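**Q** Handing you this structure, nothing more for now.
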Amino acid sequence: MTDNQPIRVVLADDHTMVREALARVLDEDSGIAIVAQAEDAAQTAEAVRASEPDVLVLDFSMPGHDAPRGIQELLARHPRLKVLVLTVHENIQYALRVLESGAQGYLIKSGAADELVTAIKTVHAGQIYLSSAVSQGVLEHLRTPRRKRTGLESLSQREFVFLRKLGAGRSLQQCADEMKISVSTASTYRSRIMEKLELSSTAELIRFALEHNLAE
C-alpha cells in the first residue's frame, strides 16, 4: 500500500447496530476504507480471504467463536493481516490471550468511538495498541517471569478456554466436544486448572469463573 491509499478494514461483529456505529466512525476518516463486514466466524474468514484487508477489527465474543484460536488460524493463512480485537472485557486475561495469539490491538468497546481510528492506524503501522483499562495490567504481567506466574496467569491458552466453557455451565463432555478433545484430556485440564487456582471442586471452578467474569 502506498501512502495515498486508505487502510483497508474488515469489521466483524455479530451485533448489527455495533457494526453500523463503528462504520459511521470510520467513514468519517478518509484514510480508512471499510472493504467488508461480517457477523460470524465463517463470514469473517471469507471476508478476509476475499478482500485481503490490512486490518481486521474483530469482536471477541461472537457466538461459537474462540477468538484466540480464530486469530491464530487467520494469521496462519494471512500473515500480513493486523488484528484489532474489540471487546467489553476489561479483564487483562482476555487481552493477554489474544495478544499471545498474534493480535496487535485490544480495544474496549466503551471507548471505541473515540479510539477506533487511532487504534487501527497504530496496529497498521506495526505497533501494539492497548486500551488504558488493560495496558498497565498487561505490562505488569509481561514483567513477571513465566516461572513466577500464578493463578490465572499460569493457565495455558487451552486451559483458559476450557475454564471459560466450564464456567458457562457446560458439562465435561460438552467442553470436550466443543474443543475437539477427549473427555480424558478435558478431565486433565480440569485437574490442572484446579491445582493452579488452588480449588478443590468443579463447583468452585465454576464459581471462580463467574466471579472473575470469565464464563463464555
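Order determines the names: the first chain of the C-alpha cells is A, the second B, and so forth; residues in each chain are numbered 1 upward, and ligands are numbered 1 upward as they are shown.
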With only C-alpha atoms counted and 12 Å as the cut-off, give the residues of range 104-209 of chain A in contact with range 37-55 of chain A, each with its shortest interatomic distance in Å and the pair that gives it, as a Markdown table.

**A**
| residue | atom | partner | partner_atom | distance |
| --- | --- | --- | --- | --- |
| A:Gln104 | CA | A:Val55 | CA | 9.6 |
| A:Gly105 | CA | A:Val55 | CA | 10.3 |
| A:Leu116 | CA | A:Val55 | CA | 11.8 |
| A:Val117 | CA | A:Val55 | CA | 11.4 |
| A:Ala119 | CA | A:Val55 | CA | 10.3 |
| A:Ile120 | CA | A:Val55 | CA | 7.0 |
| A:Lys121 | CA | A:Val55 | CA | 9.0 |
| A:Thr122 | CA | A:Val55 | CA | 10.4 |
| A:Val123 | CA | A:Val55 | CA | 7.8 |
| A:His124 | CA | A:Val55 | CA | 6.6 |
| A:Ala125 | CA | A:Asp54 | CA | 10.2 |
| A:Gly126 | CA | A:Val55 | CA | 10.7 |

**Q** Residues of the last selection are to be written out with N, CA and C atoms, as a PDB file, in the first residue's frame.

**A**
ATOM      1  N   GLN A 104      -2.686  -7.542  17.335  1.00  0.00           N
ATOM      2  CA  GLN A 104      -1.841  -6.364  17.555  1.00  0.00           C
ATOM      3  C   GLN A 104      -2.519  -5.312  18.429  1.00  0.00           C
ATOM      4  N   GLY A 105      -3.819  -5.491  18.697  1.00  0.00           N
ATOM      5  CA  GLY A 105      -4.503  -4.476  19.473  1.00  0.00           C
ATOM      6  C   GLY A 105      -5.675  -5.031  20.258  1.00  0.00           C
ATOM      7  N   LEU A 116     -11.123   4.249  18.065  1.00  0.00           N
ATOM      8  CA  LEU A 116     -11.043   3.260  16.989  1.00  0.00           C
ATOM      9  C   LEU A 116     -10.105   3.656  15.856  1.00  0.00           C
ATOM     10  N   VAL A 117     -10.235   4.869  15.353  1.00  0.00           N
ATOM     11  CA  VAL A 117      -9.380   5.302  14.237  1.00  0.00           C
ATOM     12  C   VAL A 117      -7.910   5.263  14.642  1.00  0.00           C
ATOM     13  N   ALA A 119      -6.557   3.467  16.997  1.00  0.00           N
ATOM     14  CA  ALA A 119      -6.143   2.077  17.201  1.00  0.00           C
ATOM     15  C   ALA A 119      -5.844   1.396  15.872  1.00  0.00           C
ATOM     16  N   ILE A 120      -6.702   1.609  14.875  1.00  0.00           N
ATOM     17  CA  ILE A 120      -6.488   0.998  13.563  1.00  0.00           C
ATOM     18  C   ILE A 120      -5.185   1.492  12.938  1.00  0.00           C
ATOM     19  N   LYS A 121      -4.954   2.792  12.993  1.00  0.00           N
ATOM     20  CA  LYS A 121      -3.734   3.345  12.393  1.00  0.00           C
ATOM     21  C   LYS A 121      -2.485   2.880  13.144  1.00  0.00           C
ATOM     22  N   THR A 122      -2.628   2.687  14.454  1.00  0.00           N
ATOM     23  CA  THR A 122      -1.487   2.223  15.255  1.00  0.00           C
ATOM     24  C   THR A 122      -1.098   0.798  14.886  1.00  0.00           C
ATOM     25  N   VAL A 123      -2.078  -0.118  14.835  1.00  0.00           N
ATOM     26  CA  VAL A 123      -1.745  -1.509  14.526  1.00  0.00           C
ATOM     27  C   VAL A 123      -1.316  -1.650  13.073  1.00  0.00           C
ATOM     28  N   HIS A 124      -1.893  -0.836  12.187  1.00  0.00           N
ATOM     29  CA  HIS A 124      -1.481  -0.893  10.779  1.00  0.00           C
ATOM     30  C   HIS A 124      -0.021  -0.495  10.631  1.00  0.00           C
ATOM     31  N   ALA A 125       0.440   0.402  11.506  1.00  0.00           N
ATOM     32  CA  ALA A 125       1.839   0.843  11.467  1.00  0.00           C
ATOM     33  C   ALA A 125       2.790  -0.166  12.107  1.00  0.00           C
ATOM     34  N   GLY A 126       2.221  -1.289  12.593  1.00  0.00           N
ATOM     35  CA  GLY A 126       3.061  -2.329  13.165  1.00  0.00           C
ATOM     36  C   GLY A 126       3.297  -2.201  14.654  1.00  0.00           C
TER      37      GLY A 126
END

**Q** Could you pull out all residues of range 18-196 of chain A with a DSSP call of strand (DSSP E) and give them as a list of chain:residue names?

**A** A:Ile32, A:Ala33, A:Ile34, A:Val35, A:Ala36, A:Gln37, A:Ala38, A:Val55, A:Leu56, A:Val57, A:Leu58, A:Asp59, A:Lys82, A:Val83, A:Leu84, A:Val85, A:Leu86, A:Thr87, A:Gly105, A:Tyr106, A:Leu107, A:Ile108, A:Tyr129, A:Leu130

**Q** From the list A:Val161, A:Leu172, A:Leu152, A:Ile34, which residue is nearest Met194 in chain A when using only C-alpha atoms?

**A**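 That would be A:Leu152, the residue with the smallest distance to Met194 in chain A.
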
**Q** So, counting only C-alpha atoms, which residue among A:Glu140, A:Asp59, A:Glu73, A:Asp177 is closest to Lys165 in chain A?

**A**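 Ranked by minimum distance to Lys165 in chain A, first place goes to A:Asp177.
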
**Q** Which residues are close to range 16-23 of chain A, i.e. within 12 Å by only C-alpha atoms, leaving aside same-chain residues fewer than 4 positions away? Reply as an MDAnalysis selection string.

**A** chainID A and resid 9:12 27:29 32:40 57:59 62 86:87 109:117 120

**Q** Using only C-alpha atoms for the distances, tell me which of A:Ile7, A:Leu155, A:Leu130, A:Leu163 is nearest to His212 in chain A.

**A** A:Leu163

**Q** What residues in range 58-171 of chain A get the DSSP label helix (DSSP H, G or I)? Please answer as a PyMOL selection string.

**A** chain A and resi 67-77+92-100+109-124+132-143+146-148+151-154+157-167

**Q** Please provide as an MDAnalysis selection string all residues within 9 Å of Tyr106 in chain A, with the sequence filter that same-chain residues fewer than 3 positions apart are discarded (counting only C-alpha atoms).

**A** chainID A and resid 83:87 94:95 98:99 103 119 128:131 134

**Q** What is the CA of Gln5 in chain A-CA of Gly31 in chain A distance in Å, reported with one decimal?

**A**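 Distance reported for this atom pair: 7.2 Å.
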
**Q** When distances are computed from only C-alpha atoms, which of A:Thr185, A:Asn4, A:Gln157, A:Thr202 shows the smallest separation from Arg170 in chain A?

**A**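 Distance minimum relative to Arg170 in chain A lands on A:Thr202.
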